[in-house]
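Novice: Let me give you the structure first, and then I'll get to my questions.
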Amino acid sequence: MSRADSRSTPLPEAGEPADGLAVAWRATLHRDLVLRLRRPGEVLNPLAFFALVITLFPIGISPEAPLLATIAPGLLWVAALLAALLSLDGVFRDDAEDGSLEQLLLSPQPLPVLALAKVAAHWLLTGLPLALMAPLLGVMLSLPAGSYGVLALSLALGSASLSLIGAIGAALTVGVARGGVLLSLLVLPLYIPVLIFGAGAVQSAILGGGVTAHLAILGALLAASLIFAPFAIAAALRISLNG
Amino acid sequence: MWAFLHKLGSPKEFYAITARWLTPLWLAAVALILAGGVWGLAFAPADYQQGNSFRIIYVHVPAAFLAQSIFVAMAAAGLVFMVWKIKLADMAAAMMAPLGAGMTFVALFSGAVWGVPTWGTWWQWDARLTSMLILFFLYIGVIALRGAFVSREGGARAASVLAMVGVINIPIIKFSVDWWYTLHQPASFSITEKPAMPAEMWLPLLLMVLGFYAFFIAVTLTRTRSEILRRESSKRWVRALVEEGR
Amino acid sequence: MSLRLNARRLACERDDRWLFRDLDLEIRAGEILRVEGPNGSGKTTLLKILSGQLMDHEGEVLWNGIPLRRARRDFLASLLYLGHAPGVKAALTPLENLAWYQALAGEHGDEAARLAALARVGLAGFEDLPAAQLSAGQQRRVALARLELTPRPLWVLDEPFTAIDRDGVAALEARLEAHTARGGSVLVTTHHALRASTRLRRLTLGEGGGDVAR
């Protein structure tokens with residue numbers, strides 16, 4: 001009871017250090033990373049799903065290398081996109097169930113910024129690993145040499161947009177029981193531009209064309225998502241929690 | 001002007017004021033669609049390349065216009081609802097969504113029918129049709145999200161946010177689909193690209209487009225009015241109205 | 001220290017039914033306001049409105065005389081809200097849970113303070129166990145440790161006694177008293193009978209209900 005005497009002293013004025021937002025942001029990012037890493041399945045399952053889906057195509061279509069090589073950019077991108085989508089549902093749902101989302105909304109820090117920390121954690125442990133793993137699966141699909149770097153880079157850039165856009169859907173459906181299918185329905189149409197320019201970049205690299213334009217547009221999409229999505233996520237979270 | 005708009009925001013006033021608009025709107029819609037339809041289908045000259053099959057544009061083009069306009073209108077209504085908390089705007093948005101989805105479907109279906117004589121197939125991944133298909137999915141998402149919420153208020157807000165997110169994305173989707181299309185298929189015949197049309201071909205089209213818009217406004221007003229009665233059924237003015245009607 | 005939360009002509013409608021109408025209330029420094037009423041009378045809804053979470057209501061909520069919408073940041077920096085769910089992450093330890101809450105408030109916080117707070121709610125020795133291994137009552141105590149840790153003048157507590165044993169209840173009651181004695185204020189719903197006190201006021205809901213007809 002070292003601080004028992006403090007009870008008789010008056011309450012301190014509500015105050016916080018000037019870097020309060022940075023503290024809250026880092027702590028939220030750190031917390032979400034720790035939470036995911038404590039349940040490694042959450043990190044590994046999307047990767048396994050990615051590999052599995054890629055395995056289905058040669059079996060379902062044909063194992064011929066030339067055919068696989070032509071469809072590989074699209075396949076890799078679609079499969080990675082679905083794998084990232086799969087893990088989105090949990091971004092806010094777990095927090096909503098145990099009440100910590102409610103507390104996040106009551107933080108004096110701006111909610112869009114805190115939501116961005118949660119999305120960043122999702123991307124770091126979903127989108128980024130998928131991007132790093134994609135070249136490996138590219139080998140299995142006989143993806144032509146010279147496009148591996150572009151594949152990883154386009155996925156890393158694109159999946160950040162996917163996490164941001166997808167989080168809007170996750171925030172909108174967090175109050176809906178079994179919202180997983182609904183989430184895909186809301187989010188997939190919005191993923192199409194990212195898919196077009198992501199797969200387009202890889203395709204262009206294979207054909208020997210320039211990839212700068214594609215990557216620049218992917219970057220522009222990411223910038224736009226970074227600006228708009230946090231506000232939409234914040235609004236959606238308030239709606240989902242409080243009707 | 002502001003006073004009038006403010007008055008329109010109240011369901012009761014809206015109900016009373018719009019009663020006078022309904023008949024002229026419905027008449028205009030029927031007259032325009034009949035005139036444009038008969039003119040376009042029976043009297044306009046056949047296209048020198050496509051023959052008579054081009055006449056499907058008299059349905060396809062207005063439906064496609066409307067499909068996109070309704071989404072924008074729905075998002076605008078959502079914005080009004082979110083910012084000024086006018087419930088009437090949400091009622092209108094809720095009524096627009098199925099109509100917009102229907103129009104998108106009509107545009108898709110008429111595009112497919114047009115594809116048979118033109119491309120020799122029911123479906124071609126044409127830029128316009130692909131964009132339409134994505135728009136259709138966006139509509140379905142908005143409708144499904146609204147339906148998934150237990151509380152009407154929550155569903156209304158969520159659908160508003162999604163409609164606004166969608167409306168920001170529609171130009172991006174359109175741009176990227178066009179990019180994708182030019183990359184993969186050298187433009188042959190596209191349902192979008194019409195060479196310069198003579199007046200006797202585009203005038204009926206204009207009538208049809210205007211007619212479709214009048215139809216949209218008339219349907220939305222009519223349905224919003226009945227939605228007002230449903231949602232406000234416990235209010236005194238609605239009860240009085242029902243008594244009167246008896 | 002200025003602290004005044006009041007509501008004017010508050011009304012809230014749920015599913016075409018008024019939960020309450022024309023509700024005026026004021027919470028000043030040094031007061032415990034206990035909201036009472038049967039299940040479904042709108043206690044939680046009222047607490048959510050008064051903590052600025054629910055916006056679709058009629059009437060106004062003022063924080064130190066300023067509408068809540070405009071005083072939001074200042075208000076949230078003075079508020080500690082504990083809802084039905086304790087807000088404790090099962091995969092994190094009590095210490096980690098508290099660290100996040102401190103950071104959310106923008107504070108760096110130090111471990112010694114967290115340990116002391118946990119000790120005061122009777123969780124000494126459980127600091128480093130994942131919260132999943134704690135009982136429901138212990139998880140609730142982790143949440144209650146925030147009352148010790150983060151100094152906020154206004155506490156809004158929705159059924160804080162849930163799953164707490166007798167000793168814990170007594171300690172919490174004493175804590176509420178001490179908080180008001182220091183000039184803080186408490187807004188609380190509970191089915192538990194609170195000790196009578198000069199600081200305690202009651203508000204009973206469930207009488208303003210009825211049809212929406214105007």
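Within each chain, counting starts at residue 1; across the structure tokens, chains are named A, B, ... in the order shown, with ligands numbered 1 upward in that order.
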Could you pull the residues within 8 Å of range 101-117 of chain C, counting only C-alpha atoms, minus those fewer than 5 positions along the same chain, as a list in words?

Specialist: Met1, Ser2, Glu16, Pro17, Asp19, Gly20, Leu21, Ala22, Val23, Ala24, Trp25, Ala27, Thr28, Leu104, Ser107, Pro108 and Gln109 of chain A; Ala77, Leu95, Ala124, Glu127, Ala145, Arg146, Glu148, Leu149 and Thr150 of chain C

Novice: Which residues, written as a list in words, have at least one atom at most 7 Å from range 142-146 of chain B, with only C-alpha atoms counted and residues fewer than 5 positions away on the same chain left out?

Specialist: Ala97, Gly155, Ala156, Ala158, Ala159, Leu162 and Ala163 of chain B

Novice: Please produce a file of the residues just selected, as a PDB file, in the first residue's frame, where the atoms kept are N, CA, C and O atoms.

Specialist:
```pdb
ATOM      1  N   ALA B  97     -31.658   1.623 -53.565  1.00  0.00           N
ATOM      2  CA  ALA B  97     -30.693   0.546 -53.774  1.00  0.00           C
ATOM      3  C   ALA B  97     -31.233  -0.594 -54.641  1.00  0.00           C
ATOM      4  O   ALA B  97     -30.591  -0.961 -55.635  1.00  0.00           O
ATOM      5  N   GLY B 155     -27.938  -0.293 -39.573  1.00  0.00           N
ATOM      6  CA  GLY B 155     -27.886  -0.702 -40.971  1.00  0.00           C
ATOM      7  C   GLY B 155     -27.873   0.499 -41.891  1.00  0.00           C
ATOM      8  O   GLY B 155     -27.141   0.536 -42.888  1.00  0.00           O
ATOM      9  N   ALA B 156     -28.676   1.502 -41.523  1.00  0.00           N
ATOM     10  CA  ALA B 156     -28.761   2.700 -42.360  1.00  0.00           C
ATOM     11  C   ALA B 156     -27.411   3.412 -42.428  1.00  0.00           C
ATOM     12  O   ALA B 156     -26.941   3.792 -43.494  1.00  0.00           O
ATOM     13  N   ALA B 158     -24.386   2.166 -41.712  1.00  0.00           N
ATOM     14  CA  ALA B 158     -23.369   1.336 -42.362  1.00  0.00           C
ATOM     15  C   ALA B 158     -23.534   1.390 -43.879  1.00  0.00           C
ATOM     16  O   ALA B 158     -22.556   1.563 -44.616  1.00  0.00           O
ATOM     17  N   ALA B 159     -24.784   1.278 -44.345  1.00  0.00           N
ATOM     18  CA  ALA B 159     -25.024   1.320 -45.781  1.00  0.00           C
ATOM     19  C   ALA B 159     -24.614   2.671 -46.350  1.00  0.00           C
ATOM     20  O   ALA B 159     -24.069   2.751 -47.462  1.00  0.00           O
ATOM     21  N   LEU B 162     -20.821   2.689 -46.685  1.00  0.00           N
ATOM     22  CA  LEU B 162     -20.386   1.842 -47.795  1.00  0.00           C
ATOM     23  C   LEU B 162     -20.705   2.499 -49.138  1.00  0.00           C
ATOM     24  O   LEU B 162     -19.888   2.453 -50.069  1.00  0.00           O
ATOM     25  N   ALA B 163     -21.876   3.132 -49.227  1.00  0.00           N
ATOM     26  CA  ALA B 163     -22.234   3.803 -50.482  1.00  0.00           C
ATOM     27  C   ALA B 163     -21.242   4.926 -50.784  1.00  0.00           C
ATOM     28  O   ALA B 163     -20.839   5.119 -51.929  1.00  0.00           O
TER      29      ALA B 163
END
```

Novice: When the cut-off is 10 Å and we count only C-alpha atoms, which residues of chain B are near chain A, given as a ChimeraX atom specification?

Specialist: /B:133-142,144-145,148-162,164-166,168-170,172-177,179-181,183

Novice: Need the shell around Ser226 in chain B: protein/DNA/RNA residues with any atom at most 12 Å away, counting only C-alpha atoms. Skip same-chain ones fewer than 2 positions apart. Format as JSON, numbers by chain?

Specialist: {"B": [11, 12, 14, 15, 18, 19, 88, 91, 92, 95, 219, 220, 221, 222, 223, 224, 228, 229, 230, 231, 232, 233, 238]}

Novice: What does the distance between CA of Leu79 in chain B and CA of Gly100 in chain B come to in Å, to one decimal place?

Specialist: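 Distance between the two atoms: 17.5 Å.
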
Novice: Find the spatial neighbours of Thr45 in chain C, counting only C-alpha atoms, within a cut-off of 9 Å - ignore same-chain residues fewer than 4 positions away - and output them as a list in words.

Specialist: Cys12, Leu19, Ser41, Ile49, Leu50 and Leu54 of chain C

Novice: Identify which of the residues C:Tyr81, C:Val35, C:Glu26, C:Glu13 lies closest to Gln103 in chain A, counting only C-alpha atoms when measuring atom-to-atom distances.

Specialist: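 Smallest distance to Gln103 in chain A is found for C:Tyr81.
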
Novice: What's the 10 Å shell around Arg72 in chain C, counting only C-alpha atoms, without same-chain residues fewer than 2 positions away, as a list in words?

Specialist: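 Contacts, in chain order: Leu106 and Pro108 of chain A; Ser51, Gly52, Trp63, Ile66, Pro67, Leu68, Arg69, Arg70, Asp74, Phe75, Leu76, Ala77 and Ser78 of chain C.
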
Novice: With only C-alpha atoms as the atoms that count, which of C:Lys48, C:Arg152, C:His57, C:His191 lies nearest to chain B?

Specialist: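 Of C:Lys48, C:Arg152, C:His57, C:His191, the one nearest chain B, counting only C-alpha atoms, is C:His57.
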
Novice: Just asking: which residues within range 19-171 of chain C are strand (DSSP E) according to DSSP, as an MDAnalysis selection string?

Specialist: chainID C and resid 19:28 32:36 58:63 66:67 79:82 154:158

Novice: Write a file of the selected residues as a JSON list (two decimals), in the first residue's frame, keeping C-alpha atoms.

Specialist:
```json
[["chain", "number", "residue", "atom", "x", "y", "z"],
["C", 19, "LEU", "CA", -36.57, 4.29, -23.11],
["C", 20, "PHE", "CA", -36.71, 7.64, -21.36],
["C", 21, "ARG", "CA", -37.92, 11.11, -22.18],
["C", 22, "ASP", "CA", -37.35, 14.60, -20.84],
["C", 23, "LEU", "CA", -34.59, 13.40, -18.59],
["C", 24, "ASP", "CA", -32.64, 16.16, -16.87],
["C", 25, "LEU", "CA", -29.71, 15.22, -14.72],
["C", 26, "GLU", "CA", -26.52, 16.62, -13.35],
["C", 27, "ILE", "CA", -23.43, 15.01, -11.92],
["C", 28, "ARG", "CA", -21.12, 17.23, -9.95],
["C", 32, "ILE", "CA", -22.03, 9.07, -6.87],
["C", 33, "LEU", "CA", -25.07, 8.84, -9.11],
["C", 34, "ARG", "CA", -26.58, 5.41, -9.19],
["C", 35, "VAL", "CA", -28.85, 4.65, -12.13],
["C", 36, "GLU", "CA", -31.51, 2.12, -11.23],
["C", 58, "GLU", "CA", -32.63, 13.87, -28.40],
["C", 59, "GLY", "CA", -31.57, 16.54, -25.98],
["C", 60, "GLU", "CA", -28.13, 17.71, -25.03],
["C", 61, "VAL", "CA", -25.23, 16.46, -22.96],
["C", 62, "LEU", "CA", -22.93, 19.16, -21.64],
["C", 63, "TRP", "CA", -19.46, 18.76, -20.22],
["C", 66, "ILE", "CA", -19.92, 22.81, -23.42],
["C", 67, "PRO", "CA", -21.84, 20.41, -25.69],
["C", 79, "LEU", "CA", -13.43, 9.83, -18.45],
["C", 80, "LEU", "CA", -12.89, 6.28, -17.38],
["C", 81, "TYR", "CA", -15.62, 3.99, -18.67],
["C", 82, "LEU", "CA", -15.96, 0.32, -17.80],
["C", 154, "LEU", "CA", -15.27, 10.97, -14.03],
["C", 155, "TRP", "CA", -15.94, 7.26, -13.71],
["C", 156, "VAL", "CA", -18.78, 5.68, -15.64],
["C", 157, "LEU", "CA", -19.19, 2.10, -14.50],
["C", 158, "ASP", "CA", -21.71, -0.31, -15.99]]
```

Novice: Using only C-alpha atoms, which residues sit within 9 Å of range 132-144 of chain A once same-chain residues fewer than 4 positions away are excluded, as a PyMOL selection string?

Specialist: chain A and resi 47+50-51+54-55+58+63+65-66+68-73+76-77+80+127-128+148-149+151-153+155-156+206
